[in-house]
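What follows is the content of entry.cif, which has mmCIF, C-alpha atoms:
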data_work
#
loop_
_atom_site.label_atom_id
_atom_site.label_comp_id
_atom_site.auth_asym_id
_atom_site.auth_seq_id
_atom_site.Cartn_x
_atom_site.Cartn_y
_atom_site.Cartn_z
CA MET S 235 63.78 135.18 12.14
CA HIS S 236 62.63 135.96 15.68
CA LEU S 237 64.03 134.97 19.07
CA GLY S 238 61.58 134.69 21.94
CA ILE S 239 62.57 134.22 25.57
CA ASP S 240 60.07 133.25 28.25
CA ILE S 241 61.47 133.93 31.71
CA GLY S 242 59.63 131.67 34.13
CA GLY S 243 59.82 131.27 37.86
CA THR S 244 61.98 128.15 37.50
CA LYS S 245 62.87 127.79 33.80
CA THR S 246 63.88 130.18 31.03
CA ASP S 247 62.68 128.95 27.64
CA ALA S 248 64.13 130.37 24.40
CA VAL S 249 62.93 129.64 20.87
CA VAL S 250 63.84 130.81 17.39
CA VAL S 251 60.81 130.94 15.10
CA ASP S 252 60.09 131.86 11.51
CA ALA S 253 57.64 134.55 10.39
CA ALA S 254 54.68 132.19 10.93
CA GLY S 255 55.72 131.29 14.46
CA VAL S 256 57.02 127.81 13.62
CA VAL S 257 59.71 126.77 16.12
CA LEU S 258 63.08 126.19 14.45
CA ALA S 259 65.16 125.73 17.60
CA ARG S 260 64.65 125.70 21.36
CA HIS S 261 66.75 125.78 24.53
CA ARG S 262 65.72 125.73 28.19
CA LEU S 263 67.67 126.20 31.40
CA PRO S 264 67.10 127.26 35.03
CA SER S 265 66.15 130.92 35.50
CA GLY S 266 68.17 131.60 38.62
CA THR S 267 67.33 134.19 41.26
CA GLY S 268 68.06 137.90 41.19
CA ALA S 269 68.34 140.29 38.26
CA SER S 270 71.90 139.40 37.28
CA ALA S 271 71.26 135.65 37.26
CA VAL S 272 67.92 135.98 35.47
CA ILE S 273 69.28 138.20 32.70
CA GLY S 274 72.35 135.97 32.40
CA ALA S 275 70.12 132.93 31.92
CA ALA S 276 68.09 134.76 29.26
CA LEU S 277 71.27 135.65 27.38
CA GLU S 278 72.63 132.11 27.59
CA ALA S 279 69.34 130.52 26.50
CA GLY S 280 69.00 132.98 23.62
CA ARG S 281 72.54 132.40 22.37
CA GLU S 282 72.14 128.63 22.46
CA ALA S 283 68.77 128.74 20.67
CA CYS S 284 70.31 130.90 17.94
CA ALA S 285 73.28 128.54 17.65
CA ARG S 286 70.94 125.57 17.26
CA ALA S 287 69.02 127.47 14.56
CA GLY S 288 72.26 128.34 12.78
CA VAL S 289 71.84 132.11 13.06
CA GLY S 290 73.82 134.85 14.74
CA PRO S 291 72.40 137.27 17.33
CA ALA S 292 72.31 140.10 14.77
CA ALA S 293 70.05 138.07 12.47
CA VAL S 294 67.07 137.86 14.86
CA THR S 295 64.64 140.23 16.50
CA VAL S 296 64.24 139.64 20.24
CA GLY S 297 61.21 139.55 22.51
CA ILE S 298 61.07 138.65 26.20
CA GLY S 299 58.14 137.69 28.41
CA SER S 300 58.56 138.09 32.15
CA PRO S 301 56.49 137.81 35.32
CA GLY S 302 55.81 141.00 37.21
CA THR S 303 54.85 144.48 36.10
CA VAL S 304 56.54 145.61 32.88
CA ALA S 305 56.91 149.23 31.74
CA ASP S 306 59.37 150.44 29.09
CA GLY S 307 61.45 147.29 29.44
CA VAL S 308 61.71 147.57 33.22
CA VAL S 309 60.38 144.63 35.24
CA SER S 310 59.11 145.27 38.77
CA HIS S 311 57.70 143.07 41.53
CA ALA S 312 58.71 139.74 39.96
CA LEU S 313 59.01 138.25 43.42
CA ASN S 314 59.32 134.63 42.27
CA LEU S 315 62.49 135.69 40.42
CA GLY S 316 63.89 137.66 43.33
CA ILE S 317 63.48 140.89 41.36
CA ASP S 318 62.10 144.07 42.91
CA ARG S 319 63.08 146.22 39.92
CA ALA S 320 65.35 145.47 36.95
CA ASP S 321 65.95 147.14 33.60
CA VAL S 322 65.69 143.86 31.70
CA ALA S 323 65.60 145.48 28.25
CA GLY S 324 68.56 147.75 28.92
CA ASP S 325 70.74 145.15 30.62
CA PHE S 326 69.97 142.52 27.97
CA ALA S 327 70.70 145.00 25.15
CA ALA S 328 74.05 145.96 26.67
CA ALA S 329 75.22 142.35 26.33
CA TRP S 330 73.33 141.30 23.20
CA GLY S 331 73.60 144.39 21.03
CA THR S 332 69.88 144.60 20.23
CA ARG S 333 67.20 146.00 22.51
CA PRO S 334 64.44 143.44 23.09
CA VAL S 335 60.72 144.08 23.36
CA VAL S 336 59.74 143.12 26.93
CA ASP S 337 56.18 142.41 28.04
CA ASN S 338 54.28 140.60 30.74
CA ASP S 339 54.45 136.82 30.41
CA VAL S 340 50.66 136.40 30.20
CA ASN S 341 50.48 138.88 27.30
CA ALA S 342 53.27 137.00 25.56
CA ALA S 343 51.49 133.70 26.11
CA ALA S 344 48.25 135.16 24.75
CA LEU S 345 49.95 136.19 21.53
CA GLY S 346 51.63 132.80 21.31
CA ALA S 347 48.34 131.00 21.86
CA TRP S 348 46.70 133.09 19.15
CA THR S 349 49.60 132.40 16.78
CA VAL S 350 49.49 128.65 17.36
CA HIS S 351 45.87 127.89 18.20
CA GLY S 352 43.91 130.86 16.92
CA ASP S 353 42.38 128.86 14.05
CA GLY S 354 41.89 132.09 12.12
CA ALA S 355 40.03 133.79 14.99
CA GLY S 356 40.37 137.54 15.06
CA SER S 357 39.92 137.66 18.82
CA MET S 358 40.96 135.44 21.70
CA ALA S 359 41.40 135.52 25.45
CA TYR S 360 44.19 133.41 26.87
CA LEU S 361 43.16 132.57 30.43
CA ASN S 362 46.18 131.67 32.56
CA LEU S 363 45.18 129.45 35.45
CA GLY S 364 48.39 129.16 37.40
CA THR S 365 49.45 130.38 40.82
CA GLY S 366 47.20 133.34 40.03
CA LEU S 367 44.49 134.00 37.46
CA ALA S 368 44.71 136.55 34.66
CA ALA S 369 43.91 136.83 30.98
CA GLY S 370 45.83 138.10 27.98
CA ILE S 371 43.58 139.51 25.28
CA VAL S 372 44.06 139.57 21.51
CA LEU S 373 41.63 141.71 19.49
CA ASP S 374 41.85 141.89 15.70
CA GLY S 375 45.18 140.10 15.92
CA ARG S 376 46.74 142.62 18.32
CA LEU S 377 47.27 142.52 22.07
CA TRP S 378 44.87 144.70 24.03
CA ARG S 379 46.59 146.03 27.15
CA GLY S 380 44.05 148.67 28.18
CA ALA S 381 44.54 152.30 29.17
CA ARG S 382 46.94 151.50 32.04
CA GLY S 383 48.00 147.96 31.29
CA GLY S 384 45.29 146.42 33.46
CA ALA S 385 43.28 144.67 30.74
CA GLY S 386 42.66 141.03 31.58
CA GLU S 387 43.30 141.27 35.33
CA ILE S 388 39.97 139.56 35.94
CA GLY S 389 41.24 137.58 38.94
CA HIS S 390 40.15 140.59 40.99
CA VAL S 391 36.54 140.38 39.74
CA SER S 392 34.21 139.24 42.54
CA VAL S 393 31.43 136.94 41.35
CA ASP S 394 29.96 136.09 44.76
CA PRO S 395 29.95 138.50 47.73
CA ALA S 396 29.44 135.47 50.01
CA GLY S 397 32.25 133.48 48.41
CA PRO S 398 35.63 132.52 49.89
CA VAL S 399 37.81 135.45 50.91
CA GLY S 400 41.06 135.82 48.98
CA SER S 401 44.47 136.94 50.16
CA ASP S 402 43.59 140.48 49.10
CA GLY S 403 40.49 140.48 51.31
CA LEU S 404 38.12 140.29 48.33
CA PRO S 405 35.27 137.79 48.77
CA GLY S 406 34.37 135.55 45.85
CA GLY S 407 37.19 136.66 43.54
CA LEU S 408 37.81 134.61 40.41
CA GLU S 409 41.45 134.09 41.41
CA THR S 410 40.37 132.63 44.76
CA TYR S 411 37.99 130.21 43.07
CA ALA S 412 40.10 129.01 40.16
CA SER S 413 43.85 129.48 40.72
CA GLY S 414 46.38 127.22 42.38
CA SER S 415 46.95 129.69 45.21
CA GLY S 416 43.20 130.16 45.63
CA LEU S 417 42.56 126.44 45.98
CA ALA S 418 45.43 126.14 48.46
CA LEU S 419 44.15 129.12 50.46
CA GLN S 420 40.69 127.56 50.75
CA TRP S 421 42.16 124.16 51.70
CA GLY S 422 44.25 125.73 54.45
CA VAL S 423 46.87 122.97 54.72
CA GLU S 424 50.43 124.30 54.88
CA GLY S 425 52.48 123.27 51.85
CA ALA S 426 49.48 121.97 49.90
CA ALA S 427 49.03 122.89 46.23
CA GLY S 428 46.23 122.63 43.69
CA PRO S 429 46.96 119.02 42.66
CA ASP S 430 46.72 117.94 46.32
CA ILE S 431 43.16 119.29 46.56
CA VAL S 432 42.22 117.67 43.24
CA ALA S 433 43.60 114.34 44.47
CA ALA S 434 41.71 114.64 47.76
CA ALA S 435 38.48 115.35 45.85
CA ALA S 436 39.04 112.30 43.66
CA ALA S 437 39.51 110.25 46.83
CA GLY S 438 36.11 111.41 48.07
CA ASP S 439 36.93 114.20 50.51
CA PRO S 440 33.71 116.31 50.63
CA ARG S 441 35.44 119.62 51.37
CA ALA S 442 37.95 119.11 48.56
CA ARG S 443 35.06 118.33 46.23
CA GLN S 444 33.39 121.57 47.26
CA ILE S 445 36.57 123.51 46.49
CA CYS S 446 36.92 121.78 43.11
CA ASP S 447 33.28 122.53 42.29
CA GLY S 448 34.14 126.15 43.09
CA ALA S 449 37.02 125.95 40.59
CA PHE S 450 34.57 124.84 37.89
CA PHE S 451 32.34 127.78 38.82
CA GLY S 452 35.30 130.16 38.75
CA LEU S 453 36.40 129.01 35.30
CA ALA S 454 32.85 129.20 33.94
CA SER S 455 32.47 132.67 35.43
CA SER S 456 35.77 133.78 33.88
CA VAL S 457 34.57 132.65 30.44
CA ARG S 458 31.28 134.46 30.97
CA VAL S 459 33.05 137.69 32.00
CA LEU S 460 35.45 137.60 29.05
CA VAL S 461 32.78 136.88 26.45
CA LEU S 462 30.22 139.32 27.83
CA THR S 463 32.74 142.17 28.03
CA LEU S 464 34.78 141.54 24.86
CA ASP S 465 32.86 138.91 22.86
CA VAL S 466 36.11 137.08 22.07
CA GLU S 467 35.74 134.14 19.71
CA LEU S 468 37.86 131.80 21.83
CA VAL S 469 38.86 131.48 25.48
CA VAL S 470 41.96 129.29 25.60
CA ILE S 471 43.05 127.84 28.93
CA GLY S 472 46.69 127.51 29.92
CA GLY S 473 48.86 127.54 33.03
CA GLY S 474 49.55 124.84 35.59
CA MET S 475 45.88 124.25 36.41
CA ALA S 476 45.25 123.29 32.77
CA ALA S 477 47.04 120.01 33.52
CA TRP S 478 43.83 119.05 35.37
CA GLY S 479 42.54 118.39 31.86
CA ALA S 480 39.09 117.19 30.84
CA PRO S 481 37.52 117.17 34.34
CA LEU S 482 38.17 120.92 34.68
CA LEU S 483 36.73 121.79 31.27
CA ASP S 484 33.81 119.38 31.62
CA GLY S 485 32.96 120.81 35.04
CA ALA S 486 33.03 124.38 33.73
CA ARG S 487 31.01 123.48 30.63
CA SER S 488 28.31 121.83 32.74
CA ILE S 489 27.85 125.13 34.59
CA LEU S 490 27.86 127.13 31.35
CA ASP S 491 25.23 124.75 29.95
CA ALA S 492 23.08 125.16 33.08
CA TRP S 493 23.20 128.93 32.72
CA ALA S 494 22.32 128.65 29.03
CA ALA S 495 19.32 126.47 29.87
CA THR S 496 17.77 129.32 31.85
CA SER S 497 18.81 132.23 29.62
CA PRO S 498 18.09 132.38 25.88
CA PHE S 499 20.62 135.19 25.60
CA LEU S 500 23.44 133.19 27.18
CA ALA S 501 22.40 130.19 25.09
CA SER S 502 22.82 132.32 21.96
CA LEU S 503 26.45 133.07 22.91
CA ASP S 504 27.40 129.37 22.95
CA LEU S 505 29.89 129.94 25.76
CA GLY S 506 30.90 126.31 26.19
CA ALA S 507 31.93 125.96 22.55
CA ARG S 508 34.31 128.92 22.87
CA LEU S 509 36.29 127.24 25.64
CA ARG S 510 39.47 125.42 24.60
CA THR S 511 42.55 124.06 26.32
CA MET S 512 46.20 124.40 25.37
CA ASP S 513 48.65 121.75 24.28
CA LEU S 514 50.92 122.12 27.30
CA ASP S 515 53.97 120.88 25.37
CA VAL S 516 53.92 123.87 23.00
CA PRO S 517 56.08 126.79 24.27
CA ILE S 518 53.43 129.42 23.61
CA ALA S 519 54.90 132.07 25.92
CA ALA S 520 58.28 131.93 24.17
CA ILE S 521 56.60 131.88 20.74
CA GLY S 522 54.51 134.90 21.72
CA ALA S 523 57.61 136.74 22.96
CA ALA S 524 59.26 136.04 19.62
CA MET S 525 56.27 137.44 17.74
CA LEU S 526 56.30 140.54 19.97
CA GLY S 527 59.95 141.09 19.09
CA GLY S 528 59.04 140.74 15.43
CA GLY S 529 56.52 143.57 15.64
CA ARG S 530 53.34 141.58 16.24
CA GLY S 531 51.01 142.44 19.07
#
As structure tokens - that is how I would like this structure written.
Amino acid sequence: MHLGIDIGGTKTDAVVVDAAGVVLARHRLPSGTGASAVIGAALEAGREACARAGVGPAAVTVGIGSPGTVADGVVSHALNLGIDRADVAGDFAAAWGTRPVVDNDVNAAALGAWTVHGDGAGSMAYLNLGTGLAAGIVLDGRLWRGARGGAGEIGHVSVDPAGPVGSDGLPGGLETYASGSGLALQWGVEGAAGPDIVAAAAAGDPRARQICDGAFFGLASSVRVLVLTLDVELVVIGGGMAAWGAPLLDGARSILDAWAATSPFLASLDLGARLRTMDLDVPIAAIGAAMLGGGRG
């Protein structure tokens, strides 16, 4: 059996799964702030998940997904966790007795999405629309990280040189168009988040509608980039923005359909049909971390 731990900005989610990725037990608790608290929460969540599954720590492989940059088990720049640099793999192993496989949380979620929702597809992009925008990529059933770990960082792709300027100074970046932070940056109201802009658009605010139309364009453009560069069979949407639901997908598909109507080549790719959304109740990041620990990906 495999233990997967998803360390999130607010919650740490641990699952024990079987070889097929079926969840046998689950436990969630607050992540805490700072390396010691975060690793302590991961250990506690993992122990409780194992206890609920009726297995001891020595009977499971362990995988961990974490925000930030991950290299050789060391997590850096996970600012929402209060971590500048922490040897997550080493510190966890010292207390657990087994060294975990540690990877970026979006990569873990991509593998989890492919495990749960791949429908037999050999390739998939998991597009995380959260505070930021990035994709995890599965090719031939394996994660593709790229030469330097930068594969899927498409939030930095500019699709309109006259578009809204992001926090990094890049105009028309996909992350600015279609992430929670991007919507909030365009709205410019202190303390506002993505759902506030969506609600304002629904209430008829013309500027909020313009920003939401931009989100549809950003999602459609992300699908186009991922399919044209990698020809993945599926682009699965997850992250906090996915809670927007059908209006987000319908808006993006209408743009994809408009592009297809003017381009026989794009029409042949059937971009809209490749776009799916996640069941937000399924702990895909923790499932993916478990599969990573079990040697998948």
- As a check of understanding: the span from atom CA of Ser310 of chain S to atom CA of Val470 of chain S is 26.9 Å
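Excluding segment 477-480 of chain S itself and any same-chain residue fewer than 3 positions from it, the protein and nucleic acid residues within 8 Å of it, counting all atoms listed in the file, are Pro429, Gly473, Gly474, Leu483, Asp484, Thr511 and Leu514 of chain S.
Selection check: the PyMOL selection byres ((chain S and resi 430) around 12) on the shown file gives Gly414, Ser415, Leu417, Ala418, Trp421, Gly422, Val423, Glu424, Gly425, Ala426, Ala427, Gly428, Pro429, Ile431, Val432, Ala433, Ala434, Ala435, Ala436, Ala437, Asp439, Ala442, Arg443, Ile445, Cys446, Met475 and Trp478 of chain S.
Using all atoms listed in the file, the protein and nucleic acid residues lying no more than 12 Å from Pro291 of chain S, apart from those fewer than 2 places from it along its own chain, are S:Met235, S:His236, S:Leu237, S:Val250, S:Leu277, S:Glu278, S:Ala279, S:Gly280, S:Arg281, S:Glu282, S:Ala283, S:Cys284, S:Ala285, S:Arg286, S:Ala287, S:Gly288, S:Val289, S:Ala293, S:Val294, S:Thr295, S:Val296, S:Ala327, S:Ala329, S:Trp330, S:Gly331, S:Thr332, S:Arg333, S:Pro334.
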For the selection just defined, write its residues with C-alpha atoms to a file, as an mmCIF file, keeping the file's coordinate frame.
data_model
loop_
_atom_site.group_PDB
_atom_site.id
_atom_site.type_symbol
_atom_site.label_atom_id
_atom_site.label_comp_id
_atom_site.auth_asym_id
_atom_site.auth_seq_id
_atom_site.Cartn_x
_atom_site.Cartn_y
_atom_site.Cartn_z
ATOM 1 C CA MET S 235 63.780 135.180 12.140
ATOM 2 C CA HIS S 236 62.630 135.960 15.680
ATOM 3 C CA LEU S 237 64.030 134.970 19.070
ATOM 4 C CA VAL S 250 63.840 130.810 17.390
ATOM 5 C CA LEU S 277 71.270 135.650 27.380
ATOM 6 C CA GLU S 278 72.630 132.110 27.590
ATOM 7 C CA ALA S 279 69.340 130.520 26.500
ATOM 8 C CA GLY S 280 69.000 132.980 23.620
ATOM 9 C CA ARG S 281 72.540 132.400 22.370
ATOM 10 C CA GLU S 282 72.140 128.630 22.460
ATOM 11 C CA ALA S 283 68.770 128.740 20.670
ATOM 12 C CA CYS S 284 70.310 130.900 17.940
ATOM 13 C CA ALA S 285 73.280 128.540 17.650
ATOM 14 C CA ARG S 286 70.940 125.570 17.260
ATOM 15 C CA ALA S 287 69.020 127.470 14.560
ATOM 16 C CA GLY S 288 72.260 128.340 12.780
ATOM 17 C CA VAL S 289 71.840 132.110 13.060
ATOM 18 C CA ALA S 293 70.050 138.070 12.470
ATOM 19 C CA VAL S 294 67.070 137.860 14.860
ATOM 20 C CA THR S 295 64.640 140.230 16.500
ATOM 21 C CA VAL S 296 64.240 139.640 20.240
ATOM 22 C CA ALA S 327 70.700 145.000 25.150
ATOM 23 C CA ALA S 329 75.220 142.350 26.330
ATOM 24 C CA TRP S 330 73.330 141.300 23.200
ATOM 25 C CA GLY S 331 73.600 144.390 21.030
ATOM 26 C CA THR S 332 69.880 144.600 20.230
ATOM 27 C CA ARG S 333 67.200 146.000 22.510
ATOM 28 C CA PRO S 334 64.440 143.440 23.090
#
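As for atom CA of Asp402 of chain S and atom CA of Ala269 of chain S, they are spaced 27.0 Å apart.
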Could you write out as a PDB file with C-alpha atoms, in the coordinates of the input the residues that the PyMOL selection byres ((chain S and resi 363) around 8) matches in the shown file?
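In the end it all went to selection-v7.pdb:
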ATOM      1  CA  LEU S 361      43.160 132.570  30.430  1.00  0.00           C
ATOM      2  CA  ASN S 362      46.180 131.670  32.560  1.00  0.00           C
ATOM      3  CA  GLY S 364      48.390 129.160  37.400  1.00  0.00           C
ATOM      4  CA  THR S 365      49.450 130.380  40.820  1.00  0.00           C
ATOM      5  CA  GLY S 366      47.200 133.340  40.030  1.00  0.00           C
ATOM      6  CA  LEU S 367      44.490 134.000  37.460  1.00  0.00           C
ATOM      7  CA  ALA S 368      44.710 136.550  34.660  1.00  0.00           C
ATOM      8  CA  ALA S 412      40.100 129.010  40.160  1.00  0.00           C
ATOM      9  CA  SER S 413      43.850 129.480  40.720  1.00  0.00           C
ATOM     10  CA  GLY S 414      46.380 127.220  42.380  1.00  0.00           C
ATOM     11  CA  ILE S 471      43.050 127.840  28.930  1.00  0.00           C
ATOM     12  CA  GLY S 472      46.690 127.510  29.920  1.00  0.00           C
ATOM     13  CA  GLY S 473      48.860 127.540  33.030  1.00  0.00           C
ATOM     14  CA  GLY S 474      49.550 124.840  35.590  1.00  0.00           C
ATOM     15  CA  MET S 475      45.880 124.250  36.410  1.00  0.00           C
ATOM     16  CA  ALA S 476      45.250 123.290  32.770  1.00  0.00           C
TER      17      ALA S 476
END
- Give me the result of the PyMOL selection byres ((chain S and resi 392) around 12) on this file, residue by residue, as a ChimeraX atom specification. /S:387-391,393-400,402-411,452,455-456,459
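Atom CA of Ala520 of chain S to atom CA of Gly380 of chain S spans 22.3 Å [interatomic distance, one decimal].
Of the residues under consideration (S:Ala342, S:Val309, S:Ile518, S:Ala323), S:Ala342 shows the shortest atom-to-atom contact distance to Arg530 of chain S when counting all atoms listed in the file.
Each of S:Ala292, S:Val304, S:Leu315, S:Ala454 was compared to Thr267 of chain S using all atoms listed in the file, and S:Leu315 turns out to be the nearest.
With only C-alpha atoms as the atoms that count, the minimum distance from Val336 of chain S to the choices S:Met358, S:Leu509, S:Leu373, S:Ile241 is reached by S:Ile241.
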Axis-aligned box for all listed atoms of segment 383-386 of chain S, 5 Å per side, centre and edges in Å to one decimal, as JSON:
{"center_x": 45.3, "center_y": 144.5, "center_z": 32.1, "size_x": 15.3, "size_y": 16.9, "size_z": 12.7}
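Minimum atom-to-atom distances from S:Gly375, S:Val257, S:Ala305, S:Val350 to Asp513 of chain S were compared using only C-alpha atoms, and the lowest value belongs to S:Val350.
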